[in-house]
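This is query.txt. It holds compact mmCIF, C-alpha atoms.
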```txt
# COMPACT_ATOMS: atom_id res chain seq x y z
CA MET A 1 106.50 116.20 112.59
CA GLY A 2 103.98 118.52 110.93
CA GLU A 3 105.79 121.70 112.22
CA THR A 4 106.77 124.88 110.36
CA ALA A 5 110.30 126.30 110.22
CA ALA A 6 109.43 128.53 113.17
CA GLY A 7 108.67 125.52 115.32
CA ARG A 8 104.88 125.82 115.24
CA ARG A 9 102.67 122.92 114.22
CA ALA A 10 101.50 123.22 110.60
CA PRO A 11 97.75 123.39 110.01
CA ALA A 12 96.18 119.96 109.62
CA GLY A 13 94.90 120.89 106.18
CA LEU A 14 98.42 121.75 105.02
CA SER A 15 99.80 118.42 106.26
CA LEU A 16 96.99 116.53 104.55
CA GLY A 17 97.62 118.50 101.36
CA ARG A 18 101.31 117.58 101.43
CA ALA A 19 100.45 113.92 102.03
CA ALA A 20 98.01 113.93 99.12
CA ALA A 21 100.61 115.54 96.88
CA ALA A 22 103.18 112.92 97.90
CA ARG A 23 100.72 110.10 97.14
CA LEU A 24 99.97 111.64 93.76
CA ARG A 25 103.69 111.82 92.95
CA LEU A 26 104.07 108.17 93.94
CA ARG A 27 101.15 107.15 91.73
CA ARG A 28 102.56 109.02 88.75
CA ALA A 29 106.03 107.57 89.34
CA LEU A 30 104.66 104.02 89.48
CA LEU A 31 102.66 104.60 86.31
CA GLY A 32 105.83 105.93 84.70
CA THR A 33 107.74 102.77 85.59
CA GLY A 34 104.87 100.77 84.09
CA VAL A 35 105.23 102.68 80.83
CA ILE A 36 108.97 101.94 80.91
CA GLY A 37 108.10 98.26 81.36
CA LEU A 38 105.80 98.47 78.34
CA ALA A 39 108.47 100.14 76.20
CA ALA A 40 111.19 97.70 77.28
CA GLY A 41 108.89 94.72 76.75
CA VAL A 42 107.99 95.81 73.23
CA TRP A 43 111.66 96.50 72.44
CA ALA A 44 112.59 93.04 73.70
CA GLY A 45 109.80 91.45 71.68
CA LEU A 46 111.00 93.09 68.47
CA GLU A 47 114.50 91.82 69.19
CA ARG A 48 113.15 88.29 69.59
CA MET A 49 111.54 88.60 66.18
CA GLY A 50 114.86 89.41 64.54
CA TRP A 51 114.81 93.19 64.33
CA ALA A 52 118.29 94.64 64.96
CA LEU A 53 117.67 97.41 67.47
CA PRO A 54 120.14 99.63 69.35
CA GLY A 55 120.80 98.75 72.96
CA GLY A 56 119.58 95.21 72.51
CA SER A 57 120.91 92.17 74.30
CA ALA A 58 120.06 88.51 74.76
CA HIS A 59 119.29 89.29 78.40
CA LEU A 60 116.71 91.92 77.45
CA ALA A 61 115.15 89.73 74.76
CA ALA A 62 114.75 86.88 77.25
CA GLY A 63 112.86 89.23 79.57
CA HIS A 64 110.13 90.06 77.03
CA GLY A 65 107.36 88.22 78.86
CA PRO A 66 108.19 89.27 82.43
CA LEU A 67 108.73 92.89 81.36
CA LEU A 68 105.17 93.07 80.07
CA VAL A 69 103.44 90.77 82.56
CA ILE A 70 105.02 92.16 85.73
CA GLY A 71 106.56 95.46 84.67
CA PHE A 72 103.45 96.71 82.90
CA PHE A 73 100.24 94.71 83.34
CA ALA A 74 100.51 93.61 86.98
CA SER A 75 101.81 97.05 87.91
CA LEU A 76 98.95 98.80 86.09
CA ILE A 77 96.19 96.60 87.51
CA GLY A 78 97.66 96.74 91.01
CA LEU A 79 98.05 100.51 90.84
CA GLU A 80 94.49 101.07 89.63
CA ARG A 81 93.06 98.98 92.48
CA ALA A 82 95.37 100.56 95.06
CA VAL A 83 94.22 104.03 94.06
CA ALA A 84 90.57 102.97 94.22
CA LEU A 85 91.06 101.34 97.64
CA GLY A 86 92.95 104.32 99.04
CA ARG A 87 95.09 102.30 101.50
CA SER A 88 98.85 102.81 101.67
CA TRP A 89 99.60 99.09 102.04
CA ALA A 90 97.85 98.41 98.74
CA PHE A 91 100.75 100.05 96.89
CA ALA A 92 103.16 97.28 97.97
CA GLY A 93 102.41 95.22 94.85
CA PRO A 94 103.10 98.00 92.31
CA LEU A 95 106.23 99.01 94.25
CA ALA A 96 107.55 95.44 94.13
CA ALA A 97 106.73 95.32 90.41
CA ALA A 98 108.85 98.45 89.93
CA VAL A 99 111.71 96.80 91.85
CA SER A 100 111.45 93.71 89.65
CA LEU A 101 111.48 95.85 86.51
CA VAL A 102 114.55 97.80 87.61
CA ALA A 103 116.32 94.59 88.64
CA LEU A 104 115.66 92.99 85.25
CA LEU A 105 116.78 96.05 83.27
CA ALA A 106 119.88 96.43 85.46
CA GLY A 107 120.90 92.82 84.86
CA LEU A 108 120.69 91.81 88.52
CA PRO A 109 120.61 88.10 89.39
CA SER A 110 117.55 86.28 88.10
CA LEU A 111 116.56 85.28 91.63
CA VAL A 112 116.15 88.95 92.57
CA VAL A 113 113.95 89.55 89.53
CA ARG A 114 111.80 86.48 90.12
CA ALA A 115 111.47 86.99 93.88
CA SER A 116 110.42 90.63 93.58
CA ALA A 117 108.01 89.72 90.77
CA THR A 118 106.43 87.08 92.99
CA LEU A 119 106.09 89.60 95.81
CA ALA A 120 104.49 92.00 93.34
CA VAL A 121 101.71 89.65 92.26
CA ALA A 122 101.27 88.49 95.87
CA GLY A 123 100.72 92.11 96.86
CA VAL A 124 98.13 92.57 94.12
CA ALA A 125 96.43 89.33 95.16
CA LEU A 126 96.30 90.55 98.76
CA VAL A 127 94.38 93.65 97.63
CA PHE A 128 91.85 91.52 95.78
CA ALA A 129 91.60 89.13 98.74
CA TYR A 130 90.72 92.09 100.97
CA LEU A 131 88.16 93.34 98.45
CA ALA A 132 86.64 89.87 98.07
CA TRP A 133 86.44 89.46 101.85
CA ARG A 134 84.81 92.85 102.24
CA GLY A 135 82.48 92.65 99.25
CA GLN A 136 81.74 88.91 98.97
CA ALA A 137 80.56 89.12 95.35
CA LEU A 138 81.12 86.79 92.41
CA HIS A 139 83.05 89.31 90.33
CA LEU A 140 85.50 89.93 93.19
CA SER A 141 86.01 86.19 93.70
CA VAL A 142 86.77 85.78 89.99
CA MET A 143 89.29 88.62 90.03
CA LEU A 144 90.89 87.14 93.16
CA ALA A 145 91.17 83.79 91.37
CA GLY A 146 92.92 85.57 88.51
CA THR A 147 95.51 87.16 90.78
CA LEU A 148 96.06 83.82 92.54
CA ALA A 149 96.75 82.32 89.11
CA TRP A 150 99.47 84.95 88.73
CA VAL A 151 100.89 83.94 92.10
CA TRP A 152 100.84 80.28 91.05
CA GLY A 153 102.69 81.05 87.82
CA ASN A 154 105.25 83.21 89.57
CA LEU A 155 105.89 80.66 92.29
CA GLY A 156 106.64 78.13 89.55
CA TRP A 157 108.92 80.63 87.82
CA LEU A 158 110.64 81.34 91.15
CA ALA A 159 111.12 77.59 91.65
CA GLY A 160 112.87 77.28 88.30
CA TRP A 161 110.17 76.83 85.67
CA PRO A 162 111.03 78.32 82.28
CA VAL A 163 108.95 81.39 81.46
CA LYS A 164 106.81 79.50 78.94
CA SER A 165 105.63 77.14 81.71
CA ALA A 166 104.32 80.12 83.70
CA VAL A 167 102.56 81.65 80.70
CA PRO A 168 99.22 79.74 81.01
CA ALA A 169 98.82 80.93 84.61
CA TRP A 170 99.71 84.49 83.60
CA LEU A 171 97.19 84.42 80.76
CA ALA A 172 94.52 83.01 83.08
CA GLY A 173 95.22 85.89 85.45
CA PHE A 174 94.68 88.50 82.75
CA VAL A 175 91.52 86.90 81.46
CA LEU A 176 89.89 86.35 84.85
CA VAL A 177 90.72 89.78 86.25
CA ILE A 178 89.33 91.50 83.15
CA ALA A 179 86.29 89.23 82.90
CA GLY A 180 85.55 89.79 86.58
CA GLU A 181 85.73 93.53 86.10
CA ARG A 182 83.33 93.35 83.15
CA LEU A 183 81.00 91.17 85.22
CA GLU A 184 81.05 93.85 87.92
CA LEU A 185 79.97 96.51 85.42
CA GLY A 186 77.26 94.32 83.90
CA ARG A 187 75.63 92.95 87.04
CA LEU A 188 72.27 94.55 86.25
CA VAL A 189 72.22 92.82 82.87
CA THR A 190 73.18 89.37 84.19
CA ARG A 191 70.98 88.90 87.21
CA GLY A 192 69.65 85.63 85.77
CA GLY A 193 70.98 82.45 87.35
CA LEU A 194 71.73 80.73 84.04
CA ALA A 195 74.00 83.55 82.85
CA ARG A 196 75.96 83.43 86.11
CA GLN A 197 76.30 79.65 85.88
CA GLN A 198 77.63 79.93 82.33
CA PHE A 199 80.14 82.54 83.42
CA VAL A 200 81.34 80.45 86.36
CA ALA A 201 81.69 77.35 84.16
CA ALA A 202 83.80 79.17 81.56
CA ALA A 203 85.97 80.91 84.17
CA SER A 204 86.47 77.61 86.01
CA ALA A 205 87.63 75.94 82.79
CA VAL A 206 90.24 78.67 82.27
CA LEU A 207 91.48 78.41 85.86
CA LEU A 208 91.51 74.61 85.93
CA GLY A 209 93.25 74.40 82.56
CA ALA A 210 96.03 76.70 83.77
CA ALA A 211 96.39 74.81 87.06
CA LEU A 212 96.61 71.39 85.38
CA TRP A 213 98.93 72.53 82.59
CA PRO A 214 102.25 71.50 84.21
CA ALA A 215 101.04 67.90 84.67
CA TRP A 216 98.66 67.29 81.72
CA GLN A 217 99.51 69.78 79.01
CA GLY A 218 97.48 68.23 76.21
CA ALA A 219 94.12 68.02 77.96
CA ALA A 220 94.74 71.16 80.02
CA ALA A 221 95.45 73.30 76.95
CA ARG A 222 92.20 72.27 75.30
CA LEU A 223 90.23 72.83 78.49
CA PHE A 224 91.90 76.23 78.75
CA GLY A 225 90.95 77.03 75.15
CA LEU A 226 87.37 75.92 75.74
CA GLY A 227 87.17 78.24 78.73
CA LEU A 228 88.51 81.18 76.71
CA LEU A 229 85.95 80.50 74.00
CA GLY A 230 83.19 80.29 76.58
CA LEU A 231 84.14 83.57 78.23
CA ALA A 232 84.43 85.31 74.85
CA ALA A 233 80.95 84.12 73.88
CA TRP A 234 79.57 85.15 77.27
CA LEU A 235 81.08 88.63 77.07
CA LEU A 236 79.85 89.15 73.52
CA ARG A 237 76.37 88.13 74.64
CA TYR A 238 76.01 89.86 78.01
CA ASP A 239 78.56 92.67 78.27
CA LEU A 240 77.31 96.25 78.31
CA ALA A 241 79.65 97.11 75.43
CA ARG A 242 76.95 96.53 72.82
CA ARG A 243 74.90 99.31 74.37
CA GLY A 244 77.84 101.66 74.00
CA LEU A 245 77.67 101.36 70.22
CA ARG A 246 74.51 103.47 70.29
CA HIS A 247 76.31 106.46 71.80
CA PRO A 248 78.88 108.61 69.98
CA GLY A 249 82.29 109.67 71.18
CA PHE A 250 84.13 107.85 73.93
CA HIS A 251 81.33 105.36 74.64
CA ARG A 252 81.32 104.05 71.07
CA TYR A 253 85.13 103.96 70.94
CA SER A 254 85.29 102.01 74.20
CA ALA A 255 82.59 99.60 73.00
CA ILE A 256 84.47 98.88 69.77
CA CYS A 257 87.68 98.24 71.73
CA LEU A 258 85.87 95.84 74.05
CA LEU A 259 83.99 93.92 71.37
CA SER A 260 87.08 93.53 69.19
CA GLY A 261 88.96 92.30 72.25
CA TYR A 262 86.33 89.67 72.93
CA ALA A 263 86.61 88.48 69.33
CA TRP A 264 90.38 88.13 69.74
CA LEU A 265 89.87 86.23 72.99
CA GLY A 266 87.58 83.79 71.20
CA PHE A 267 90.11 83.34 68.40
CA GLY A 268 92.87 82.69 70.93
CA GLY A 269 90.66 80.12 72.63
CA LEU A 270 90.04 78.43 69.29
CA LEU A 271 93.79 78.19 68.66
CA TYR A 272 94.34 76.50 72.04
CA LEU A 273 91.38 74.18 71.47
CA VAL A 274 92.57 73.10 68.01
CA TRP A 275 96.34 73.10 68.44
CA GLY A 276 96.63 72.16 72.11
CA ALA A 277 99.81 72.86 74.04
CA GLN A 278 102.74 74.14 72.00
CA ALA A 279 106.33 74.00 73.24
CA GLY A 280 107.32 77.01 71.14
CA GLY A 281 107.45 78.19 67.57
CA LEU A 282 104.93 79.99 65.40
CA ARG A 283 101.78 78.37 66.76
CA TYR A 284 102.85 79.20 70.29
CA ASP A 285 103.40 82.80 69.22
CA ALA A 286 99.93 82.96 67.66
CA GLN A 287 98.19 81.53 70.72
CA ILE A 288 99.81 83.88 73.20
CA HIS A 289 99.55 87.06 71.19
CA ALA A 290 95.96 86.57 70.10
CA VAL A 291 95.16 86.78 73.83
CA THR A 292 97.71 89.35 75.01
CA LEU A 293 97.87 91.75 72.07
CA GLY A 294 94.37 91.15 70.77
CA PHE A 295 92.36 90.82 73.96
CA VAL A 296 94.37 92.37 76.78
CA PHE A 297 95.61 95.45 74.94
CA SER A 298 92.15 96.10 73.51
CA MET A 299 90.97 96.20 77.12
CA VAL A 300 93.79 98.61 78.00
CA PHE A 301 92.77 100.87 75.12
CA ALA A 302 89.14 100.78 76.26
CA HIS A 303 89.80 101.52 79.93
CA ALA A 304 92.71 103.98 79.64
CA PRO A 305 90.45 107.07 79.47
CA ILE A 306 89.02 106.02 82.84
CA ILE A 307 92.11 104.65 84.59
CA PHE A 308 94.61 107.32 83.51
CA PRO A 309 92.82 110.30 85.11
CA ALA A 310 92.09 108.30 88.27
CA VAL A 311 95.76 107.39 88.71
CA THR A 312 97.44 110.62 87.60
CA GLY A 313 94.90 113.26 88.59
CA LEU A 314 95.12 114.63 85.04
CA ARG A 315 92.08 115.21 82.88
CA TYR A 316 91.55 113.26 79.68
CA ARG A 317 89.60 114.45 76.65
CA TYR A 318 88.45 111.85 74.13
CA LEU A 319 89.74 112.50 70.59
CA PRO A 320 88.73 110.59 67.43
CA ILE A 321 92.45 109.94 66.81
CA SER A 322 92.13 107.29 69.54
CA TYR A 323 90.83 104.92 66.86
CA LEU A 324 94.16 104.95 65.02
CA PRO A 325 96.12 102.77 67.50
CA LEU A 326 93.22 100.30 67.64
CA LEU A 327 93.05 100.00 63.84
CA VAL A 328 96.83 99.63 63.50
CA LEU A 329 96.88 97.02 66.26
CA ALA A 330 94.11 94.96 64.64
CA ALA A 331 95.62 95.15 61.15
CA SER A 332 99.17 94.36 62.27
CA LEU A 333 98.02 91.51 64.50
CA LEU A 334 96.14 89.98 61.56
CA VAL A 335 99.38 90.17 59.54
CA ARG A 336 101.41 88.67 62.37
CA LEU A 337 99.02 85.77 62.95
CA ALA A 338 98.82 85.15 59.21
CA GLY A 339 102.60 84.80 59.26
CA ASP A 340 102.39 82.43 62.22
CA ILE A 341 99.73 80.26 60.62
CA THR A 342 101.32 80.13 57.15
CA ALA A 343 104.92 80.00 58.46
CA ILE A 344 105.87 83.10 56.45
CA ALA A 345 108.55 84.69 58.60
CA ASP A 346 108.48 88.12 56.95
CA LEU A 347 104.75 88.49 57.54
CA ARG A 348 105.26 87.70 61.20
CA ARG A 349 108.16 90.12 61.56
CA TRP A 350 106.40 93.03 59.87
CA GLY A 351 103.23 92.31 61.78
CA GLY A 352 105.21 92.37 65.01
CA LEU A 353 106.75 95.70 64.08
CA GLY A 354 103.25 97.01 63.40
CA ASN A 355 102.20 95.84 66.87
CA GLY A 356 104.96 97.95 68.38
CA VAL A 357 103.94 100.95 66.27
CA ALA A 358 100.33 100.55 67.45
CA LEU A 359 101.38 100.67 71.10
CA LEU A 360 103.55 103.73 70.46
CA LEU A 361 100.59 105.41 68.76
CA PHE A 362 98.47 104.57 71.79
CA VAL A 363 100.91 106.34 74.12
CA LEU A 364 101.03 109.35 71.79
CA ALA A 365 97.23 109.45 71.46
CA THR A 366 96.91 109.36 75.25
CA ALA A 367 99.35 112.25 75.55
CA ALA A 368 97.38 114.19 72.92
CA SER A 369 94.14 113.60 74.84
CA VAL A 370 95.69 114.89 78.06
CA ARG A 371 97.07 117.93 76.25
CA ALA A 372 93.68 118.61 74.67
CA ALA A 373 92.03 118.48 78.10
CA LEU A 374 94.40 121.17 79.36
CA THR A 375 93.02 123.61 76.79
CA VAL A 376 89.43 123.14 77.99
CA PRO A 377 88.51 125.18 81.09
CA ARG A 378 87.04 123.28 84.01
CA SER A 379 83.30 123.65 84.35
CA GLY A 380 82.03 125.60 87.34
```

Written as C-alpha cells, that's how I'd like the structure from this file.
Amino acid sequence: MGETAAGRRAPAGLSLGRAAAARLRLRRALLGTGVIGLAAGVWAGLERMGWALPGGSAHLAAGHGPLLVIGFFASLIGLERAVALGRSWAFAGPLAAAVSLVALLAGLPSLVVRASATLAVAGVALVFAYLAWRGQALHLSVMLAGTLAWVWGNLGWLAGWPVKSAVPAWLAGFVLVIAGERLELGRLVTRGGLARQQFVAAASAVLLGAALWPAWQGAAARLFGLGLLGLAAWLLRYDLARRGLRHPGFHRYSAICLLSGYAWLGFGGLLYLVWGAQAGGLRYDAQIHAVTLGFVFSMVFAHAPIIFPAVTGLRYRYLPISYLPLLVLAASLLVRLAGDITAIADLRRWGGLGNGVALLLFVLATAASVRAALTVPRSG
C-alpha cells in the first residue's frame, strides 16, 4: 500500500493527493446521482400531471416523491454536511441515497428501495446527531430534529405506509433543517430570548404536527400549518436576508430567493391551516408544492452558489441570468396553484410544465456560472 511500481513507498504527499482526488471524484459522482434524481423526479411529476413523455411508466410516476425527497434533497443535504465535516463515515447517507435511487429507477423490489432510503436518512441523521453532540447549539438541535422527522417518515414508509402518509414528516424535515441552518447564520441578530422562544415554539408546532399526523390528521394538519406560518413570519422578521437586499450581485440575488421562499412557506402554512389534512386531489397538490417548489427550491437556488463549489471543487461566478429560473419558478407556481385552487386542470398542467422548465433553467444557469468562472484567472 502506498508503493510505486518499483517497490518503493510513495511520498506521503502523493498518497494524500491521490486520496483527496478520490474523495473529490466521489463527491462529484454523488452530486451527479442527485441531479439524476432531480431530473427523474421532475419527469415523473410531469407524467403524473398527464403529460405524455417518452420513457414514462406507472412505476416511475409513482416514485415522484421518493425520487425528489431521497434521490435529490436528502442526498444533497447529506453530501453538503459530509463535505463540511470531512469524515469518511459521513458519506454513508448520500451513498445509501444513491443506492435507493438506482434501485427505484431499475425497478427493483419496493422493499429494497424503501430500506435503502431509510438507511440514507438514518445516515444523514447520524451526521447531525454527531454535530449536535459536539456543538450543543439550538440550530443544530433543530436540524437534528428535522432529520429525525425524515427517519420517522421513512420508517413508516418502510412499514407499509403509502407515500402520502410519510409526506408530512418529509416536509417537516425540509423545513426544520433549512430553518435551523438560517438560525445558525443569523445568531448574532437573534440573541434575544424572546426571538429564540418564538422560533422554538414554531419549530415545535411543525414537528409535533408531523408526529401526530398518522393518529389525528385534522388537528395535526392545522398545528403543522400554524407552525409553518410561524416559522415563515420569524424568518421574514429576523433572517439576515433583508440585509442582503442592500448589496448588489450575488448577495441581492440570494436575498430575493430567500425572502420569496419564506413567503411561499407562509402561504403553504396558510393552506394547511385553512384546508386541514387532504387525502389527495388538487388541494393536496397545492399544499405540498407551495412548500417544496416554493420554499425548498428557492432555498436551493439561494444556496447553490455556496454549496456547489464546496462539493465539486469548481469555482462559481454569479451571473444575472440566475434570476431567470427564479422568475419562471415563481410565475409557473402561481399558475399551478391557481389551477389547484380553481380546479382548472389546464392551468395546473401548464403550471407544472413551467415548474419543470424552471428547474432545467436552474441547472443550465449553474453550468453557465461554472463555465464563466473558468474564463476568469485565479487571483494571486

d(CA of Gly354 (chain A), CA of Val291 (chain A)) in Å: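 The value is 16.7 Å.
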
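When only C-alpha atoms are used to measure the gap to Ala345 (chain A), the shortest distance among A:Leu131, A:Ala304, A:Val274, A:Met49 belongs to A:Met49.
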
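Going from CA of Lys164 (chain A) over to CA of Val296 (chain A), you cover 18.0 Å.
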
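If you look at CA of Ala82 (chain A) and CA of Tyr130 (chain A), they are 11.3 Å away from each other.
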
Padded axis-aligned box of region 279-285 of chain A (8 Å per side), centre and edge lengths, Å, one decimal, as lines of an AutoDock Vina configuration file:
```
center_x = 104.6
center_y = 78.4
center_z = 69.3
size_x = 21.7
size_y = 24.8
size_z = 23.8
```
